[in-house]
Amino acid sequence: MKIGIIGSGNMGRSLGILWAEQGHQVFFGARTAEKGKAVAEFAKLGTQGGSNDEAAMFGDVLLYSVRGVNPEDVFTSTEVLTGKTLIDPNNFEIPEDFKYQPIIKSLAEKLAEEVPNASVVKAFNTIPMEVFELAPEPLKEHNVSVFIAADNLEAKQVVVQLVQDIGFNPIDSGNLRNARLIEGLADLERFLIIHQQMGGYAVPSINFLPAAQIQRLGGRQASNLK
Ligand SMILES: NC(=O)c1ccc[n+]([C@@H]2O[C@H](COP(=O)([O-])OP(=O)(O)OC[C@H]3O[C@@H](n4cnc5c(N)ncnc54)[C@H](OP(=O)(O)O)[C@@H]3O)[C@@H](O)[C@H]2O)c1
């Protein structure tokens, strides 16, 4: 797959290297071509680097690791995004004292409004970059979930594959509106990691369990609650 990295900071560099290790063609983009090239030089693995415009032109799939900046201000023209899958790994800025506001509209939905010509897919925002250092091994042993929300099913499927390629367990989390829930989960994780300092890196592992053979607790009774 041809992948363009938009913004080659911690998330962009880490995911770009992991995908290149799996044989994908990766182009690191940055605000200056020099930085993009420097990251490609660091990554090696046949990667290329340059401007964000060049990365967007190169990739069929793009990682948009630029928080809260309208693509209009990142690219010379957003026409370059037409028909592309745009992965959004972004989270809100951590507010003072971790007093998060309820999420009325997710960053991913806002991005999708800004670039209706692209297919936005929420993914990877619940994974601290330090966890990428463990991928794909020994990460695979830990069944780490990556929640994926998108309206375009084809684009979602492409991201499911990219998630699996690097050792994570993709969880189809429905349409893009559900990015609100996924971004909220990342807020909780960052509270646990940074504020509570629970040690290590809190990541979600969703398990799907079979029903018990015998319901000795009485089972789920009829209820008026929705
Ligand atoms: N780090 C984590 O553990 C982690 C985990 C989950 C989600 N996230 C989320 O992922 C996103 C990126 O985080 P990060 O850790 O990669 O941050 P970072 O290392 O600070 O990188 C930020 C990137 O944004 C780009 N950027 C900043 N301002 C810009 C502007 N005005 N125009 C264009 N590009 C701009 C930078 O571009 P240049 O390359 O040109 O300098 C850089 O590549 C954030 O939303 C963050 O919440 C981070």
# chains A, B, ... in the order shown; residues from 1 in each chain; ligands from 1
$ select_by_dssp --residues "range 26-88 of chain A" --states "alpha helix (DSSP H)" --output "MDAnalysis selection string"
chainID A and resid 33:43 52:58
$ write_last_selection --atoms "all heavy atoms" --output "tab-separated table (two decimals), in the first residue's frame"
chain	number	residue	atom	x	y	z
A	33	ALA	N	10.17	20.36	3.66
A	33	ALA	CA	10.64	19.14	2.97
A	33	ALA	C	11.88	18.59	3.68
A	33	ALA	O	12.08	17.37	3.74
A	33	ALA	CB	10.94	19.45	1.51
A	34	GLU	N	12.69	19.49	4.24
A	34	GLU	CA	13.92	19.04	4.93
A	34	GLU	C	13.57	18.10	6.08
A	34	GLU	O	14.21	17.07	6.26
A	34	GLU	CB	14.70	20.25	5.50
A	34	GLU	CG	15.35	21.15	4.47
A	34	GLU	CD	14.35	21.95	3.65
A	34	GLU	OE1	13.26	22.28	4.16
A	34	GLU	OE2	14.65	22.24	2.47
A	35	LYS	N	12.55	18.47	6.86
A	35	LYS	CA	12.19	17.61	7.99
A	35	LYS	C	11.68	16.26	7.49
A	35	LYS	O	12.04	15.21	8.01
A	35	LYS	CB	11.14	18.28	8.90
A	35	LYS	CG	10.80	17.32	10.03
A	35	LYS	CD	9.87	17.84	11.08
A	35	LYS	CE	9.55	16.71	12.06
A	35	LYS	NZ	8.48	17.03	12.98
A	36	GLY	N	10.81	16.29	6.49
A	36	GLY	CA	10.28	15.04	5.94
A	36	GLY	C	11.41	14.13	5.48
A	36	GLY	O	11.41	12.92	5.76
A	37	LYS	N	12.38	14.73	4.81
A	37	LYS	CA	13.52	13.94	4.31
A	37	LYS	C	14.35	13.39	5.47
A	37	LYS	O	14.83	12.25	5.43
A	37	LYS	CB	14.41	14.81	3.41
A	37	LYS	CG	13.79	15.02	2.05
A	37	LYS	CD	14.70	15.79	1.13
A	37	LYS	CE	14.00	15.98	-0.21
A	37	LYS	NZ	14.28	17.22	-0.85
A	38	ALA	N	14.53	14.22	6.50
A	38	ALA	CA	15.33	13.79	7.66
A	38	ALA	C	14.66	12.59	8.35
A	38	ALA	O	15.35	11.64	8.78
A	38	ALA	CB	15.50	14.94	8.64
A	39	VAL	N	13.34	12.62	8.45
A	39	VAL	CA	12.64	11.49	9.10
A	39	VAL	C	12.78	10.23	8.25
A	39	VAL	O	13.02	9.13	8.77
A	39	VAL	CB	11.15	11.84	9.37
A	39	VAL	CG1	10.39	10.64	9.90
A	39	VAL	CG2	11.05	13.00	10.36
A	40	ALA	N	12.70	10.39	6.92
A	40	ALA	CA	12.87	9.23	6.03
A	40	ALA	C	14.29	8.68	6.16
A	40	ALA	O	14.50	7.46	6.14
A	40	ALA	CB	12.57	9.62	4.60
A	41	GLU	N	15.24	9.57	6.31
A	41	GLU	CA	16.63	9.13	6.47
A	41	GLU	C	16.80	8.34	7.77
A	41	GLU	O	17.50	7.34	7.83
A	41	GLU	CB	17.52	10.37	6.51
A	41	GLU	CG	18.87	10.17	5.84
A	41	GLU	CD	19.47	11.52	5.51
A	41	GLU	OE1	19.04	12.14	4.50
A	41	GLU	OE2	20.30	11.97	6.31
A	42	PHE	N	16.11	8.80	8.81
A	42	PHE	CA	16.15	8.10	10.10
A	42	PHE	C	15.47	6.73	9.97
A	42	PHE	O	15.96	5.72	10.47
A	42	PHE	CB	15.44	8.95	11.16
A	42	PHE	CG	15.24	8.24	12.47
A	42	PHE	CD1	16.28	8.14	13.39
A	42	PHE	CD2	14.02	7.65	12.79
A	42	PHE	CE1	16.11	7.47	14.60
A	42	PHE	CE2	13.83	6.98	14.00
A	42	PHE	CZ	14.88	6.89	14.90
A	43	ALA	N	14.32	6.72	9.27
A	43	ALA	CA	13.52	5.48	9.17
A	43	ALA	C	14.19	4.45	8.27
A	43	ALA	O	14.07	3.24	8.51
A	43	ALA	CB	12.13	5.81	8.62
A	52	ASN	N	4.32	18.05	2.97
A	52	ASN	CA	3.00	17.43	3.17
A	52	ASN	C	2.25	17.29	1.85
A	52	ASN	O	1.53	16.30	1.64
A	52	ASN	CB	2.19	18.26	4.17
A	52	ASN	CG	2.63	18.02	5.61
A	52	ASN	OD1	3.00	16.91	5.97
A	52	ASN	ND2	2.60	19.06	6.42
A	53	ASP	N	2.41	18.27	0.95
A	53	ASP	CA	1.76	18.16	-0.38
A	53	ASP	C	2.24	16.91	-1.09
A	53	ASP	O	1.44	16.16	-1.66
A	53	ASP	CB	2.13	19.39	-1.24
A	53	ASP	CG	1.22	20.58	-0.97
A	53	ASP	OD1	0.10	20.37	-0.47
A	53	ASP	OD2	1.64	21.71	-1.29
A	54	GLU	N	3.55	16.69	-1.06
A	54	GLU	CA	4.12	15.52	-1.76
A	54	GLU	C	3.65	14.22	-1.13
A	54	GLU	O	3.33	13.25	-1.82
A	54	GLU	CB	5.65	15.58	-1.72
A	54	GLU	CG	6.24	16.65	-2.61
A	54	GLU	CD	7.75	16.77	-2.42
A	54	GLU	OE1	8.18	17.08	-1.28
A	54	GLU	OE2	8.48	16.55	-3.38
A	55	ALA	N	3.58	14.20	0.21
A	55	ALA	CA	3.13	12.98	0.90
A	55	ALA	C	1.67	12.68	0.54
A	55	ALA	O	1.30	11.52	0.31
A	55	ALA	CB	3.26	13.16	2.41
A	56	ALA	N	0.86	13.74	0.45
A	56	ALA	CA	-0.55	13.55	0.12
A	56	ALA	C	-0.72	13.05	-1.30
A	56	ALA	O	-1.58	12.21	-1.58
A	56	ALA	CB	-1.31	14.85	0.34
A	57	MET	N	0.12	13.56	-2.19
A	57	MET	CA	0.04	13.10	-3.58
A	57	MET	C	0.46	11.64	-3.69
A	57	MET	O	-0.10	10.86	-4.44
A	57	MET	CB	0.95	13.96	-4.47
A	57	MET	CG	0.22	15.08	-5.16
A	57	MET	SD	1.31	16.00	-6.24
A	57	MET	CE	2.20	17.01	-5.11
A	58	PHE	N	1.45	11.27	-2.89
A	58	PHE	CA	2.03	9.92	-2.95
A	58	PHE	C	1.06	8.85	-2.44
A	58	PHE	O	0.89	7.80	-3.05
A	58	PHE	CB	3.31	9.89	-2.10
A	58	PHE	CG	3.95	8.55	-2.00
A	58	PHE	CD1	4.87	8.13	-2.96
A	58	PHE	CD2	3.65	7.68	-0.95
A	58	PHE	CE1	5.46	6.88	-2.87
A	58	PHE	CE2	4.23	6.43	-0.86
A	58	PHE	CZ	5.15	6.02	-1.82
$ closest_atom_pairs --of "chain A" --to "ligand 1" --cutoff "7 Å" --atoms "only C-alpha atoms and all ligand atoms" --output "tab-separated table"
residue	atom	partner	partner_atom_place_in_ligand_line	distance
A:Ile6	CA	ligand 1	43 (O)	7.0
A:Gly7	CA	ligand 1	43 (O)	3.2
A:Ser8	CA	ligand 1	43 (O)	3.9
A:Gly9	CA	ligand 1	43 (O)	3.5
A:Asn10	CA	ligand 1	16 (O)	3.7
A:Met11	CA	ligand 1	16 (O)	3.7
A:Gly12	CA	ligand 1	16 (O)	5.7
A:Gly29	CA	ligand 1	39 (O)	6.8
A:Ala30	CA	ligand 1	40 (O)	3.6
A:Arg31	CA	ligand 1	40 (O)	3.6
A:Thr32	CA	ligand 1	40 (O)	6.1
A:Lys35	CA	ligand 1	39 (O)	6.7
A:Gly36	CA	ligand 1	39 (O)	6.9
A:Ser65	CA	ligand 1	12 (C)	4.6
A:Val66	CA	ligand 1	24 (O)	4.0
A:Arg67	CA	ligand 1	45 (O)	4.1
A:Val69	CA	ligand 1	31 (N)	6.0
A:Asp73	CA	ligand 1	32 (N)	6.7
A:Val74	CA	ligand 1	33 (C)	5.1
A:Pro89	CA	ligand 1	10 (O)	5.1
A:Asn90	CA	ligand 1	45 (O)	3.3
A:Asn91	CA	ligand 1	47 (O)	3.9
A:Phe92	CA	ligand 1	47 (O)	6.0
A:Glu93	CA	ligand 1	47 (O)	6.6
A:Phe124	CA	ligand 1	6 (C)	6.3
A:Asn125	CA	ligand 1	7 (C)	4.0
A:Thr126	CA	ligand 1	6 (C)	5.4
A:Ile127	CA	ligand 1	6 (C)	5.0
A:Pro128	CA	ligand 1	3 (O)	3.6
A:Met129	CA	ligand 1	3 (O)	3.7
A:Glu130	CA	ligand 1	3 (O)	6.5
$ closest_residue --among "A:Gln221, A:Asn178, A:Asn143, A:Ser173" --to "Asn207 in chain A" --atoms "only C-alpha atoms"
A:Asn143
$ closest_residue --among "A:Gln161, A:Gly219, A:Leu18, A:Pro71" --to "Glu114 in chain A" --atoms "only C-alpha atoms"
A:Pro71
$ atom_distance --atom1 "CA of Ala123 in chain A" --atom2 "CA of Val159 in chain A"
7.9 Å
$ closest_residue --among "A:Gly167, A:Gly184, A:Gly174, A:Gly23" --to "Asp151 in chain A" --atoms "only C-alpha atoms"
A:Gly174
$ closest_residue --among "A:Ile194, A:Asp60, A:Ala149, A:Gln22" --to "Gln164 in chain A" --atoms "only C-alpha atoms"
A:Gln22
$ atom_distance --atom1 "CA of Ser51 in chain A" --atom2 "CA of Lys84 in chain A"
17.4 Å
$ closest_residue --among "A:Asp165, A:Gly199, A:Lys2, A:Arg13" --to "Gln25 in chain A" --atoms "only C-alpha atoms"
A:Lys2
$ atom_distance --atom1 "CA of Lys44 in chain A" --atom2 "CA of Leu63 in chain A"
18.5 Å
$ select_by_dssp --residues "range 56-109 of chain A" --states "strand (DSSP E or B)" --output "VMD selection string"
chain A and resid 61 to 64 85 to 88
$ write_last_selection --atoms "N, CA, C and O atoms" --output "mmCIF file, in the first residue's frame"
data_model
loop_
_atom_site.group_PDB
_atom_site.id
_atom_site.type_symbol
_atom_site.label_atom_id
_atom_site.label_comp_id
_atom_site.auth_asym_id
_atom_site.auth_seq_id
_atom_site.Cartn_x
_atom_site.Cartn_y
_atom_site.Cartn_z
ATOM 1 N N VAL A 61 -3.462 6.064 1.104
ATOM 2 C CA VAL A 61 -3.907 6.211 2.491
ATOM 3 C C VAL A 61 -3.008 7.248 3.146
ATOM 4 O O VAL A 61 -1.787 7.222 2.960
ATOM 5 N N LEU A 62 -3.617 8.163 3.906
ATOM 6 C CA LEU A 62 -2.833 9.213 4.560
ATOM 7 C C LEU A 62 -3.086 9.189 6.053
ATOM 8 O O LEU A 62 -4.227 9.035 6.495
ATOM 9 N N LEU A 63 -2.026 9.338 6.829
ATOM 10 C CA LEU A 63 -2.169 9.495 8.282
ATOM 11 C C LEU A 63 -2.115 10.991 8.574
ATOM 12 O O LEU A 63 -1.077 11.629 8.342
ATOM 13 N N TYR A 64 -3.216 11.542 9.086
ATOM 14 C CA TYR A 64 -3.280 12.989 9.324
ATOM 15 C C TYR A 64 -2.982 13.248 10.799
ATOM 16 O O TYR A 64 -3.887 13.420 11.613
ATOM 17 N N THR A 85 -8.118 7.840 1.632
ATOM 18 C CA THR A 85 -8.470 7.437 2.998
ATOM 19 C C THR A 85 -7.593 8.238 3.947
ATOM 20 O O THR A 85 -6.363 8.230 3.824
ATOM 21 N N LEU A 86 -8.251 8.922 4.881
ATOM 22 C CA LEU A 86 -7.520 9.828 5.778
ATOM 23 C C LEU A 86 -7.663 9.307 7.209
ATOM 24 O O LEU A 86 -8.745 9.402 7.803
ATOM 25 N N ILE A 87 -6.602 8.743 7.737
ATOM 26 C CA ILE A 87 -6.664 8.206 9.104
ATOM 27 C C ILE A 87 -6.455 9.354 10.090
ATOM 28 O O ILE A 87 -5.485 10.107 9.980
ATOM 29 N N ASP A 88 -7.373 9.444 11.054
ATOM 30 C CA ASP A 88 -7.290 10.503 12.065
ATOM 31 C C ASP A 88 -6.947 9.894 13.429
ATOM 32 O O ASP A 88 -7.814 9.280 14.067
#
